$ cat query_27.cif   # mmCIF, C-alpha atoms
data_model
#
loop_
_atom_site.label_atom_id
_atom_site.label_comp_id
_atom_site.auth_asym_id
_atom_site.auth_seq_id
_atom_site.Cartn_x
_atom_site.Cartn_y
_atom_site.Cartn_z
CA MET A 9 -0.13 13.91 -15.36
CA GLU A 10 -0.66 17.59 -14.65
CA PHE A 11 2.12 19.27 -12.71
CA LYS A 12 0.06 19.98 -9.60
CA GLU A 13 -1.15 16.41 -9.47
CA VAL A 14 2.42 15.13 -9.65
CA ILE A 15 3.22 17.18 -6.56
CA GLY A 16 0.05 15.93 -4.93
CA ARG A 17 0.74 12.27 -5.64
CA ARG A 18 4.34 12.21 -4.53
CA ARG A 19 4.82 10.23 -1.35
CA SER A 20 7.94 8.55 -0.06
CA ILE A 21 7.32 5.03 -1.34
CA ARG A 22 9.03 2.38 0.79
CA PHE A 23 7.49 -0.78 -0.60
CA PHE A 24 8.74 -1.53 -4.08
CA GLU A 25 8.06 -4.41 -6.44
CA PRO A 26 11.43 -6.06 -6.01
CA ASP A 27 11.33 -7.98 -9.27
CA ARG A 28 9.85 -5.45 -11.61
CA PRO A 29 12.66 -3.67 -13.43
CA VAL A 30 12.59 0.02 -14.19
CA GLU A 31 12.83 0.80 -17.87
CA ARG A 32 16.09 2.46 -18.84
CA GLU A 33 14.13 5.12 -20.72
CA LYS A 34 12.45 6.16 -17.47
CA ILE A 35 15.77 6.42 -15.67
CA GLN A 36 17.11 8.61 -18.42
CA THR A 37 13.98 10.77 -18.29
CA ILE A 38 14.56 11.31 -14.57
CA LEU A 39 18.17 12.31 -15.20
CA GLU A 40 17.16 14.59 -18.06
CA ALA A 41 14.76 16.37 -15.70
CA ALA A 42 17.53 16.74 -13.14
CA ARG A 43 19.87 18.25 -15.71
CA LEU A 44 17.34 20.97 -16.51
CA ALA A 45 16.95 22.11 -12.91
CA SER A 46 17.56 25.67 -11.87
CA CYS A 47 21.06 26.12 -10.52
CA ALA A 48 22.94 29.02 -8.96
CA VAL A 49 25.65 30.44 -11.24
CA ASN A 50 24.85 27.60 -13.63
CA ALA A 51 27.45 25.53 -11.78
CA HIS A 52 25.52 22.25 -11.58
CA TRP A 53 27.04 20.73 -8.50
CA ALA A 54 24.67 17.76 -8.56
CA LYS A 55 26.15 14.51 -9.82
CA ALA A 56 24.50 11.11 -9.76
CA ILE A 57 25.52 7.50 -10.06
CA VAL A 58 22.80 5.12 -11.19
CA VAL A 59 23.14 1.61 -9.83
CA GLU A 60 21.01 -1.36 -10.77
CA ARG A 61 20.57 -3.42 -7.65
CA ASP A 62 20.81 -6.71 -9.50
CA GLN A 63 24.16 -5.75 -10.98
CA LEU A 64 25.57 -5.63 -7.45
CA SER A 65 26.83 -8.82 -5.88
CA GLU A 66 25.01 -9.94 -2.73
CA GLU A 67 28.11 -9.05 -0.77
CA LYS A 68 28.23 -5.50 -2.15
CA LEU A 69 24.51 -5.01 -1.60
CA GLU A 70 24.87 -6.13 2.01
CA ARG A 71 27.71 -3.72 2.57
CA LEU A 72 25.66 -0.81 1.24
CA LYS A 73 22.84 -1.38 3.70
CA THR A 74 22.39 0.85 6.71
CA PRO A 75 20.05 0.08 9.60
CA VAL A 76 17.51 2.59 8.30
CA SER A 77 17.80 2.06 4.56
CA ALA A 78 18.49 -1.67 4.31
CA LEU A 79 15.02 -2.58 3.13
CA ASN A 80 14.73 0.26 0.61
CA ILE A 81 18.06 -0.76 -0.85
CA GLU A 82 16.97 -4.35 -1.11
CA LEU A 83 13.49 -3.75 -2.50
CA ALA A 84 14.26 -0.99 -5.00
CA PRO A 85 15.61 -2.30 -8.31
CA VAL A 86 17.39 1.00 -9.01
CA HIS A 87 19.35 3.30 -6.74
CA ILE A 88 20.46 6.76 -7.75
CA TYR A 89 23.25 8.04 -5.51
CA TRP A 90 23.36 11.83 -5.44
CA TYR A 91 26.42 13.93 -4.72
CA ALA A 92 27.51 17.55 -4.71
CA ASP A 93 30.70 18.02 -6.70
CA LEU A 94 32.44 20.79 -4.77
CA SER A 95 35.24 21.07 -7.31
CA VAL A 96 33.05 22.33 -10.11
CA VAL A 97 33.18 26.08 -9.40
CA ASN A 98 36.96 26.33 -9.53
CA ARG A 99 37.08 24.03 -12.51
CA ILE A 100 34.70 25.99 -14.73
CA GLN A 101 35.74 29.42 -13.36
CA GLY A 102 32.60 31.23 -14.42
CA SER A 103 32.51 29.83 -17.96
CA ARG A 104 28.95 28.59 -17.61
CA LEU A 105 27.88 32.02 -16.42
CA LYS A 106 29.35 33.44 -19.60
CA GLU A 107 27.32 30.92 -21.58
CA LEU A 108 24.26 32.44 -19.95
CA VAL A 109 25.43 35.88 -21.05
CA ASP A 110 25.92 34.58 -24.61
CA VAL A 111 22.41 33.16 -24.87
CA GLY A 112 20.78 36.24 -23.40
CA ALA A 113 19.72 34.66 -20.13
CA LEU A 114 21.95 37.11 -18.29
CA ALA A 115 21.87 40.38 -20.17
CA PRO A 116 23.49 43.80 -19.86
CA THR A 117 20.02 45.03 -18.84
CA HIS A 118 20.76 43.33 -15.54
CA GLY A 119 24.40 44.36 -15.45
CA TRP A 120 25.96 41.21 -16.86
CA SER A 121 28.97 40.93 -19.18
CA HIS A 122 31.88 38.54 -19.77
CA LYS A 123 34.19 41.08 -18.20
CA PHE A 124 32.06 41.27 -15.05
CA VAL A 125 32.23 37.47 -14.71
CA ASP A 126 35.98 37.27 -15.38
CA GLU A 127 37.08 40.22 -13.25
CA PHE A 128 34.55 40.27 -10.43
CA VAL A 129 32.17 37.36 -10.15
CA TYR A 130 34.62 34.48 -10.30
CA PRO A 131 37.68 35.97 -8.52
CA GLN A 132 35.83 38.06 -5.96
CA VAL A 133 32.69 36.10 -5.26
CA LEU A 134 32.78 32.50 -6.43
CA ARG A 135 36.36 31.51 -5.67
CA PRO A 136 36.26 32.99 -2.13
CA MET A 137 32.88 31.31 -1.66
CA THR A 138 34.47 27.92 -2.25
CA GLU A 139 36.86 28.61 0.60
CA GLY A 140 34.13 29.68 3.05
CA PRO A 141 32.52 27.51 5.69
CA GLY A 142 29.06 27.76 4.14
CA TYR A 143 30.08 26.50 0.70
CA ALA A 144 29.06 22.87 1.10
CA VAL A 145 25.71 23.88 2.56
CA ALA A 146 25.02 26.23 -0.36
CA ALA A 147 26.02 23.60 -2.90
CA ALA A 148 23.88 20.96 -1.17
CA ALA A 149 20.87 23.28 -1.11
CA ASP A 150 21.29 23.82 -4.81
CA CYS A 151 21.52 20.08 -5.42
CA GLY A 152 18.23 19.73 -3.53
CA VAL A 153 16.49 21.54 -6.37
CA THR A 154 17.95 19.10 -8.87
CA ILE A 155 17.09 16.06 -6.80
CA CYS A 156 13.54 17.29 -6.29
CA GLN A 157 13.10 17.62 -10.03
CA ALA A 158 14.30 14.03 -10.45
CA LEU A 159 12.03 12.87 -7.65
CA LEU A 160 8.90 14.45 -9.11
CA THR A 161 9.72 13.10 -12.55
CA ALA A 162 9.90 9.58 -11.13
CA PHE A 163 6.31 9.92 -9.98
CA ASP A 164 5.27 11.43 -13.28
CA GLU A 165 6.69 8.31 -14.91
CA GLY A 166 4.47 6.11 -12.73
CA LEU A 167 7.29 5.04 -10.44
CA GLY A 168 7.69 5.27 -6.69
CA ALA A 169 10.73 6.73 -5.01
CA CYS A 170 12.17 7.49 -1.63
CA LEU A 171 15.17 9.58 -0.63
CA SER A 172 17.35 8.33 2.17
CA ALA A 173 20.82 8.70 3.55
CA PHE A 174 23.29 6.03 2.51
CA ASN A 175 26.53 4.45 3.57
CA SER A 176 28.79 6.95 1.83
CA ALA A 177 32.08 5.29 2.74
CA ILE A 178 31.04 2.00 1.17
CA ALA A 179 29.45 3.71 -1.83
CA LYS A 180 32.64 5.71 -2.40
CA GLU A 181 34.65 2.55 -2.51
CA LEU A 182 32.22 0.55 -4.65
CA PHE A 183 31.38 3.25 -7.18
CA GLN A 184 34.78 4.97 -7.49
CA VAL A 185 33.38 8.27 -6.22
CA PRO A 186 35.82 11.19 -6.56
CA ASP A 187 37.11 12.74 -3.33
CA GLU A 188 35.55 16.13 -4.11
CA TRP A 189 32.02 14.73 -4.22
CA VAL A 190 29.98 15.19 -1.06
CA PRO A 191 27.36 12.47 -0.50
CA LEU A 192 23.77 13.67 -0.31
CA TYR A 193 21.00 11.13 -0.75
CA CYS A 194 20.17 7.83 -2.34
CA LEU A 195 17.00 7.88 -4.43
CA ALA A 196 15.51 4.40 -4.24
CA LEU A 197 13.47 3.84 -7.36
CA GLY A 198 11.01 1.22 -8.53
CA TYR A 199 7.40 0.38 -9.16
CA PRO A 200 5.38 0.74 -5.99
CA ALA A 201 4.16 -2.42 -4.32
CA GLU A 202 1.88 -0.28 -2.19
CA SER A 203 -1.08 1.61 -3.61
CA TRP A 204 -0.11 4.96 -5.09
CA GLU A 205 -2.14 6.68 -2.38
CA ALA A 206 -0.02 4.95 0.28
CA GLY A 207 -2.34 6.02 3.06
CA GLY A 208 -2.75 9.61 1.89
CA GLN A 209 -0.70 12.78 1.92
CA ARG A 210 1.73 12.74 4.79
CA PRO A 211 1.30 15.01 7.82
CA ARG A 212 2.84 18.43 7.38
CA PRO A 213 3.23 21.35 9.79
CA PRO A 214 0.53 24.01 9.59
CA PHE A 215 0.97 26.41 6.65
CA GLU A 216 1.05 29.44 8.88
CA GLU A 217 3.81 27.97 10.99
CA GLN A 218 6.11 27.70 7.99
CA TYR A 219 5.57 30.79 5.86
CA PHE A 220 5.54 34.47 6.72
CA GLU A 221 4.60 37.68 5.07
CA GLY A 222 6.67 40.84 5.41
CA GLU A 223 8.42 39.75 8.56
CA HIS A 224 9.02 36.75 10.71
CA GLY A 225 6.14 36.08 13.06
CA HIS A 226 3.52 37.42 10.66
CA PRO A 227 2.07 34.33 9.01
CA PHE A 228 1.22 34.34 5.34
CA GLN A 229 -2.57 34.20 5.35
CA ARG A 230 -3.86 31.03 3.79
CA ASP A 231 -6.85 31.61 1.53
CA GLN A 232 -9.25 28.67 1.71
CA ALA A 233 -10.50 29.38 -1.81
CA VAL A 234 -6.99 28.65 -3.08
CA VAL A 235 -6.88 25.50 -1.00
CA GLU A 236 -10.13 24.35 -2.58
CA LYS A 237 -8.79 25.10 -6.05
CA LEU A 238 -5.69 23.04 -5.31
CA LYS A 239 -7.86 20.19 -4.11
CA GLN A 240 -9.64 20.29 -7.45
CA ALA A 241 -6.27 20.19 -9.20
CA LYS A 242 -5.33 17.16 -6.99
CA MET A 243 -2.34 18.92 -5.50
CA ILE A 244 -3.85 18.85 -2.06
CA GLN A 245 -5.23 15.38 -1.48
CA ARG A 246 -6.75 13.29 1.24
CA PRO A 247 -4.40 13.50 4.21
CA ALA A 248 -3.03 10.40 5.86
CA THR A 249 -4.70 9.85 9.21
CA PRO A 250 -3.46 7.95 12.25
CA ASN A 251 -4.64 4.37 12.65
CA ASN A 252 -6.32 4.29 9.26
CA PRO A 253 -7.63 0.71 9.05
CA GLU A 254 -7.22 0.55 5.26
CA ARG A 255 -3.58 1.56 5.50
CA THR A 256 -2.97 -0.82 8.38
CA GLU A 257 -4.43 -3.66 6.33
CA GLU A 258 -2.34 -2.67 3.33
CA ILE A 259 0.88 -2.77 5.35
CA LYS A 260 -0.14 -6.11 6.88
CA ARG A 261 -0.67 -7.55 3.41
CA LEU A 262 2.68 -6.22 2.22
CA ALA A 263 4.46 -7.49 5.30
CA GLU A 264 3.00 -10.96 4.77
CA ARG A 265 3.73 -10.97 1.07
CA LEU A 266 7.31 -9.76 1.39
CA GLY A 267 8.05 -11.49 4.67
CA LEU A 268 8.67 -8.41 6.79
CA PRO A 269 8.40 -8.09 10.55
CA MET A 270 5.35 -6.47 12.06
CA MET B 183 20.73 -18.24 31.68
CA SER B 184 18.57 -19.40 34.56
CA ASP B 185 15.28 -20.84 33.41
CA LEU B 186 12.88 -18.48 31.72
CA GLN B 187 9.95 -17.11 33.62
CA PRO B 188 6.58 -16.93 31.86
CA LEU B 189 7.37 -14.63 28.95
CA THR B 190 4.62 -12.11 29.64
CA SER B 191 6.17 -11.38 33.03
CA TYR B 192 9.08 -9.59 31.32
CA ALA B 193 8.73 -5.82 30.91
CA THR B 194 10.13 -5.90 27.38
CA VAL B 195 7.59 -8.53 26.34
CA GLN B 196 4.81 -6.35 27.70
CA THR B 197 6.25 -3.40 25.74
CA TRP B 198 6.24 -5.58 22.63
CA LEU B 199 2.66 -6.74 23.09
CA ASP B 200 1.51 -3.19 23.84
CA GLY B 201 3.25 -2.00 20.68
CA LEU B 202 1.61 -4.69 18.58
CA ARG B 203 -1.77 -3.91 20.08
CA GLN B 204 -1.43 -0.17 19.52
CA HIS B 205 -0.08 -0.45 16.00
CA TRP B 206 -2.03 -3.32 14.55
CA GLY B 207 -5.04 -3.63 16.83
CA GLY B 208 -6.52 -6.86 18.12
CA ASP B 209 -5.07 -9.04 20.83
CA PRO B 210 -1.58 -10.14 19.80
CA GLU B 211 -1.41 -12.93 22.37
CA ARG B 212 -4.67 -14.50 21.29
CA ASP B 213 -4.50 -13.68 17.57
CA ASP B 214 -1.12 -15.28 17.03
CA PRO B 215 0.20 -17.20 20.05
CA GLU B 216 3.04 -18.53 17.88
CA ARG B 217 4.76 -15.18 18.31
CA LEU B 218 5.45 -15.84 21.97
CA GLU B 219 6.46 -19.38 21.16
CA ALA B 220 8.99 -18.05 18.65
CA LEU B 221 10.41 -15.52 21.11
CA GLU B 222 10.73 -18.15 23.80
CA ALA B 223 12.54 -20.46 21.40
CA PHE B 224 14.86 -17.64 20.45
CA CYS B 225 15.61 -16.82 24.09
CA ARG B 226 16.57 -20.44 24.67
CA PHE B 227 18.64 -20.39 21.48
CA ALA B 228 20.46 -17.22 22.55
CA GLU B 229 20.51 -18.24 26.21
CA LYS B 230 19.18 -14.85 27.24
CA ASP B 231 15.92 -13.73 28.72
CA PRO B 232 13.95 -11.09 26.78
CA ASP B 233 14.97 -8.19 29.02
CA ALA B 234 18.63 -9.16 28.68
CA VAL B 235 18.30 -9.26 24.87
CA ILE B 236 17.05 -5.69 24.78
CA ASP B 237 19.52 -4.61 27.44
CA GLU B 238 22.40 -5.78 25.25
CA CYS B 239 21.11 -3.69 22.34
CA VAL B 240 20.99 -0.40 24.23
CA GLN B 241 23.33 1.66 26.32
CA VAL B 242 22.97 4.83 28.33
CA ARG B 243 25.53 7.48 27.49
CA ASN B 244 25.45 10.92 29.14
CA GLY B 245 22.00 10.13 30.44
CA GLU B 246 20.68 9.31 26.96
CA LYS B 247 19.51 5.92 25.85
CA ARG B 248 21.21 4.83 22.63
CA ILE B 249 21.19 1.81 20.40
CA ARG B 250 24.36 -0.22 20.83
CA ALA B 251 25.39 -0.94 17.23
CA LYS B 252 27.45 -4.00 18.14
CA GLY B 253 24.64 -5.49 20.18
CA ARG B 254 22.13 -4.92 17.43
CA ARG B 255 24.44 -6.45 14.85
CA ARG B 256 25.05 -9.45 17.08
CA TYR B 257 21.33 -10.01 17.54
CA ALA B 258 20.58 -9.47 13.85
CA ASP B 259 23.06 -12.29 13.13
CA LEU B 260 21.71 -14.46 15.93
CA ILE B 261 18.15 -14.05 14.66
CA ALA B 262 19.28 -15.07 11.17
CA GLN B 263 20.97 -18.16 12.65
CA PHE B 264 17.94 -18.93 14.75
CA GLN B 265 15.65 -18.56 11.76
CA SER B 266 17.71 -20.92 9.65
CA GLN B 267 17.37 -23.74 12.16
CA VAL B 268 13.62 -23.40 12.76
CA GLN B 269 11.82 -26.55 11.65
CA GLY B 270 9.29 -26.29 8.87
CA SER B 271 8.77 -24.39 5.66
CA ARG B 272 10.68 -21.30 4.59
CA LEU B 273 7.60 -19.24 5.40
CA ARG B 274 7.48 -20.63 8.93
CA ARG B 275 11.18 -19.92 9.43
CA ALA B 276 10.63 -16.36 8.21
CA LYS B 277 7.65 -15.95 10.50
CA TRP B 278 9.61 -17.03 13.54
CA GLY B 279 12.59 -14.85 12.68
CA ASN B 280 10.31 -11.89 12.07
CA ALA B 281 8.52 -12.44 15.38
CA VAL B 282 11.85 -11.91 17.14
CA ARG B 283 12.68 -8.91 14.96
CA SER B 284 9.28 -7.48 15.83
CA PHE B 285 10.11 -7.90 19.52
CA LEU B 286 13.25 -5.80 19.06
CA ILE B 287 11.52 -3.23 16.85
CA HIS B 288 8.70 -2.57 19.31
CA ASN B 289 11.31 -2.15 22.01
CA GLY B 290 12.85 0.68 19.97
CA ILE B 291 15.66 -1.27 18.31
CA LEU B 292 15.40 -0.47 14.63
CA LEU B 293 16.20 -3.56 12.65
CA GLN B 294 15.78 -4.19 8.94
CA ALA B 295 16.50 -7.62 7.62
CA GLY B 296 15.13 -7.41 4.12
CA LEU B 297 12.89 -9.88 2.37
CA GLN B 298 12.36 -13.01 4.43
CA ALA B 299 9.45 -14.74 2.73
CA GLY B 300 11.18 -15.31 -0.54
CA GLU B 301 14.24 -14.63 -2.58
CA ARG B 302 14.04 -11.84 -5.06
CA GLY B 303 12.78 -13.51 -8.17
CA ASP B 304 10.00 -15.33 -6.31
CA ASN B 305 7.60 -12.43 -6.36
CA PRO B 306 4.20 -13.85 -7.27
CA ASN B 307 2.57 -10.58 -8.14
CA PRO B 308 4.78 -8.06 -9.94
CA GLY B 309 2.99 -4.97 -11.08
CA ALA B 310 0.48 -4.73 -8.25
CA GLY B 311 0.14 -1.19 -7.02
CA GLU B 312 1.33 0.48 -10.17
CA ALA B 313 -0.04 3.95 -10.61
CA PRO B 314 -3.05 3.47 -12.86
CA ASP B 315 -2.21 6.37 -15.13
CA SER B 316 1.52 5.96 -15.16
CA GLY B 317 3.60 7.71 -17.74
#
$ encode --input "query_27.cif" --output "structure tokens"
Amino acid sequence: MEFKEVIGRRRSIRFFEPDRPVEREKIQTILEAARLASCAVNAHWAKAIVVERDQLSEEKLERLKTPVSALNIELAPVHIYWYADLSVVNRIQGSRLKELVDVGALAPTHGWSHKFVDEFVYPQVLRPMTEGPGYAVAAAADCGVTICQALLTAFDEGLGACLSAFNSAIAKELFQVPDEWVPLYCLALGYPAESWEAGGQRPRPPFEEQYFEGEHGHPFQRDQAVVEKLKQAKMIQRPATPNNPERTEEIKRLAERLGLPM
Amino acid sequence: MSDLQPLTSYATVQTWLDGLRQHWGGDPERDDPERLEALEAFCRFAEKDPDAVIDECVQVRNGEKRIRAKGRRRYADLIAQFQSQVQGSRLRRAKWGNAVRSFLIHNGILLQAGLQAGERGDNPNPGAGEAPDSG
């Protein structure tokens, strides 16, 4: 699939084929995509634990459920639990930045050297950053890039996926999660039981409300010609509409098939 | 519990029926009268009227209405017990349990109970809905 179409087709899928396993190769592909994500100071805070639902006992699966995510957890054959490892910066102490210097990604043209990393970046910027109140937020934002890459790859592989919060206390106990890891999201993964269109692209706030040009309050002007081009490229697709009878029927069919309340 | 009044006289039942009507269309009372039958049977099973069921799942704290986790858990368990003793096929038991869950859901009590129609492994149609150009 073309990149723009992958973005256009991604929806949070909440109805999975409960009995159709996800090929291990596809799971690895998703993780490979995550590993290649852009990351500040090359730290790579994002860590993931892949769990096959059917490897969990019924009792463990029940304990993992939350009121909001219980059904996703039960329907999705694979769960990927994402974390931010806050210990990584003080463990690697700038060494991965120096790798970037060595391969020419960070060059003297932009002021970079091993000495700069050792004497300034790590001791004066990174280490103090790890002690500041905004550290976890920064690390989590960075992990978001990684998780997004994994998410989009899932759709490129023909899978459906949905991110949701999870019961971190239970997951920590069941999966031996280190203390330094901050829980982020669970990526529920499986083959969609709903149509890939799933009612259409989900409602989003108006473009001009979100993005500005030059200064806050001055909306970035949206060019309709670009919008049309993106429709051609299938990035912008038919929007979901309220009370769409086709979607209502689809959910009814799924509810009946899977035995879900309506 | 004193004897139940006609179910549609309860405000929470009206909220439920309105929710069903708005979300799914049609006339929920006429289209599937078994729903009300299931809720009435549950109320007798739990010895609570519909308004009392919802009341036990919510609380008002600092002027804000909140879901009472203990109440919800209690009713999730009670519904599962109720469902297991419904006479008939597994599908009918699931239908009756889900009718009660639907009553809570449309009254704002989020409740997920997982697959009710079948165990995992019973899926008759794996593969439906796969992206046509996957991979």
$ closest_atom_pairs --input "query_27.cif" --of "chain A" --to "chain B" --cutoff "10 Å" --atoms "only C-alpha atoms" --output "JSON lines"
{"residue": "A:Met9", "atom": "CA", "partner": "B:Gly317", "partner_atom": "CA", "distance": 7.6}
{"residue": "A:Arg17", "atom": "CA", "partner": "B:Ala313", "partner_atom": "CA", "distance": 9.7}
{"residue": "A:Phe23", "atom": "CA", "partner": "B:Gly311", "partner_atom": "CA", "distance": 9.8}
{"residue": "A:Phe24", "atom": "CA", "partner": "B:Gly311", "partner_atom": "CA", "distance": 9.1}
{"residue": "A:Glu25", "atom": "CA", "partner": "B:Pro308", "partner_atom": "CA", "distance": 6.0}
{"residue": "A:Pro26", "atom": "CA", "partner": "B:Arg302", "partner_atom": "CA", "distance": 6.4}
{"residue": "A:Asp27", "atom": "CA", "partner": "B:Gly303", "partner_atom": "CA", "distance": 5.8}
{"residue": "A:Arg28", "atom": "CA", "partner": "B:Pro308", "partner_atom": "CA", "distance": 5.9}
{"residue": "A:Pro29", "atom": "CA", "partner": "B:Pro308", "partner_atom": "CA", "distance": 9.7}
{"residue": "A:Lys34", "atom": "CA", "partner": "B:Gly317", "partner_atom": "CA", "distance": 9.0}
{"residue": "A:Asp62", "atom": "CA", "partner": "B:Arg302", "partner_atom": "CA", "distance": 9.6}
{"residue": "A:Lys73", "atom": "CA", "partner": "B:Gln294", "partner_atom": "CA", "distance": 9.2}
{"residue": "A:Thr74", "atom": "CA", "partner": "B:Gln294", "partner_atom": "CA", "distance": 8.6}
{"residue": "A:Pro75", "atom": "CA", "partner": "B:Gln294", "partner_atom": "CA", "distance": 6.1}
{"residue": "A:Val76", "atom": "CA", "partner": "B:Gln294", "partner_atom": "CA", "distance": 7.0}
{"residue": "A:Ser77", "atom": "CA", "partner": "B:Gln294", "partner_atom": "CA", "distance": 7.9}
{"residue": "A:Ala78", "atom": "CA", "partner": "B:Gln294", "partner_atom": "CA", "distance": 5.9}
{"residue": "A:Leu79", "atom": "CA", "partner": "B:Gly296", "partner_atom": "CA", "distance": 4.9}
{"residue": "A:Asn80", "atom": "CA", "partner": "B:Gly296", "partner_atom": "CA", "distance": 8.4}
{"residue": "A:Ile81", "atom": "CA", "partner": "B:Gly296", "partner_atom": "CA", "distance": 8.8}
{"residue": "A:Glu82", "atom": "CA", "partner": "B:Gly296", "partner_atom": "CA", "distance": 6.3}
{"residue": "A:Leu83", "atom": "CA", "partner": "B:Gly296", "partner_atom": "CA", "distance": 7.7}
{"residue": "A:Thr161", "atom": "CA", "partner": "B:Gly317", "partner_atom": "CA", "distance": 9.7}
{"residue": "A:Ala162", "atom": "CA", "partner": "B:Gly317", "partner_atom": "CA", "distance": 9.3}
{"residue": "A:Phe163", "atom": "CA", "partner": "B:Ser316", "partner_atom": "CA", "distance": 8.1}
{"residue": "A:Asp164", "atom": "CA", "partner": "B:Gly317", "partner_atom": "CA", "distance": 6.0}
{"residue": "A:Glu165", "atom": "CA", "partner": "B:Gly317", "partner_atom": "CA", "distance": 4.2}
{"residue": "A:Gly166", "atom": "CA", "partner": "B:Ser316", "partner_atom": "CA", "distance": 3.8}
{"residue": "A:Leu167", "atom": "CA", "partner": "B:Ala313", "partner_atom": "CA", "distance": 7.4}
{"residue": "A:Gly168", "atom": "CA", "partner": "B:Glu312", "partner_atom": "CA", "distance": 8.7}
{"residue": "A:Gly198", "atom": "CA", "partner": "B:Glu312", "partner_atom": "CA", "distance": 9.8}
{"residue": "A:Tyr199", "atom": "CA", "partner": "B:Glu312", "partner_atom": "CA", "distance": 6.2}
{"residue": "A:Pro200", "atom": "CA", "partner": "B:Gly311", "partner_atom": "CA", "distance": 5.7}
{"residue": "A:Ala201", "atom": "CA", "partner": "B:Gly311", "partner_atom": "CA", "distance": 5.0}
{"residue": "A:Glu202", "atom": "CA", "partner": "B:Gly311", "partner_atom": "CA", "distance": 5.2}
{"residue": "A:Ser203", "atom": "CA", "partner": "B:Gly311", "partner_atom": "CA", "distance": 4.6}
{"residue": "A:Trp204", "atom": "CA", "partner": "B:Ala313", "partner_atom": "CA", "distance": 5.6}
{"residue": "A:Glu205", "atom": "CA", "partner": "B:Ala313", "partner_atom": "CA", "distance": 8.9}
{"residue": "A:Ala206", "atom": "CA", "partner": "B:Gly311", "partner_atom": "CA", "distance": 9.5}
{"residue": "A:Pro250", "atom": "CA", "partner": "B:His205", "partner_atom": "CA", "distance": 9.8}
{"residue": "A:Asn251", "atom": "CA", "partner": "B:His205", "partner_atom": "CA", "distance": 7.4}
{"residue": "A:Pro253", "atom": "CA", "partner": "B:Trp206", "partner_atom": "CA", "distance": 8.8}
{"residue": "A:Thr256", "atom": "CA", "partner": "B:Trp206", "partner_atom": "CA", "distance": 6.7}
{"residue": "A:Glu257", "atom": "CA", "partner": "B:Trp206", "partner_atom": "CA", "distance": 8.6}
{"residue": "A:Ile259", "atom": "CA", "partner": "B:Trp206", "partner_atom": "CA", "distance": 9.7}
{"residue": "A:Lys260", "atom": "CA", "partner": "B:Trp206", "partner_atom": "CA", "distance": 8.4}
{"residue": "A:Ala263", "atom": "CA", "partner": "B:Ala299", "partner_atom": "CA", "distance": 9.2}
{"residue": "A:Glu264", "atom": "CA", "partner": "B:Ala299", "partner_atom": "CA", "distance": 7.7}
{"residue": "A:Arg265", "atom": "CA", "partner": "B:Ala299", "partner_atom": "CA", "distance": 7.0}
{"residue": "A:Leu266", "atom": "CA", "partner": "B:Ala299", "partner_atom": "CA", "distance": 5.6}
{"residue": "A:Gly267", "atom": "CA", "partner": "B:Ala299", "partner_atom": "CA", "distance": 4.0}
{"residue": "A:Leu268", "atom": "CA", "partner": "B:Leu297", "partner_atom": "CA", "distance": 6.3}
{"residue": "A:Pro269", "atom": "CA", "partner": "B:Asn280", "partner_atom": "CA", "distance": 4.5}
{"residue": "A:Met270", "atom": "CA", "partner": "B:Ser284", "partner_atom": "CA", "distance": 5.5}
$ residues_around --input "query_27.cif" --residues "Arg256 of chain B" --least-positions-apart "4" --cutoff "12 Å" --atoms "all atoms listed in the file" --output "ChimeraX atom specification"
/B:228,235-236,238-239,250-252,260-263,293
$ resolve_selection --input "query_27.cif" --expression "the PyMOL selection byres ((chain A and resi 125) around 12)" --output "PyMOL selection string"
chain A and resi 49+100-109+114+116+119-124+126-135
$ atom_distance --input "query_27.cif" --atom1 "atom CA of Val268 of chain B" --atom2 "atom CA of Ala234 of chain B"
21.9 Å
$ atom_distance --input "query_27.cif" --atom1 "atom CA of Asn175 of chain A" --atom2 "atom CA of Asn50 of chain A"
28.9 Å
$ residues_around --input "query_27.cif" --residues "Leu64 of chain A" --least-positions-apart "2" --cutoff "12 Å" --atoms "all atoms listed in the file" --output "MDAnalysis selection string"
chainID A and resid 58:62 66:72 81:82 85:87 179 182:183
$ closest_residue --input "query_27.cif" --among "A:Ala149, A:Ala54, A:Ala45, A:Ala248" --to "Pro211 of chain A" --atoms "all atoms listed in the file"
A:Ala248
$ closest_residue --input "query_27.cif" --among "B:Arg243, B:Arg203, B:Arg226, B:Arg248" --to "Asp185 of chain B" --atoms "only C-alpha atoms"
B:Arg226
$ atom_distance --input "query_27.cif" --atom1 "atom CA of Ile15 of chain A" --atom2 "atom CA of Ala41 of chain A"
14.7 Å
$ axis_aligned_box --input "query_27.cif" --around "segment 211-225 of chain A" --padding-each-side "4 Å" --output "lines of an AutoDock Vina configuration file"
center_x = 4.8
center_y = 27.9
center_z = 9.1
size_x = 16.5
size_y = 33.8
size_z = 16.0
$ residues_around --input "query_27.cif" --residues "Trp53 of chain A" --least-positions-apart "2" --cutoff "12 Å" --atoms "all atoms listed in the file" --output "number ranges by chain"
A: 42-43, 45-51, 55-56, 90-100, 143-155, 188-192
$ closest_residue --input "query_27.cif" --among "A:Ser20, A:Ile88, A:Gln209, A:Glu217" --to "Met243 of chain A" --atoms "only C-alpha atoms"
A:Gln209
$ resolve_selection --input "query_27.cif" --expression "the PyMOL selection byres ((chain B and resi 188) around 12)" --output "number ranges by chain"
B: 185-187, 189-193, 195-196, 218-219, 221-222, 225, 231-232
$ residues_around --input "query_27.cif" --residues "Ala241 of chain A" --least-positions-apart "4" --cutoff "12 Å" --atoms "only C-alpha atoms" --output "NGL selection string"
:A and (9-17 or 234-237 or 245)
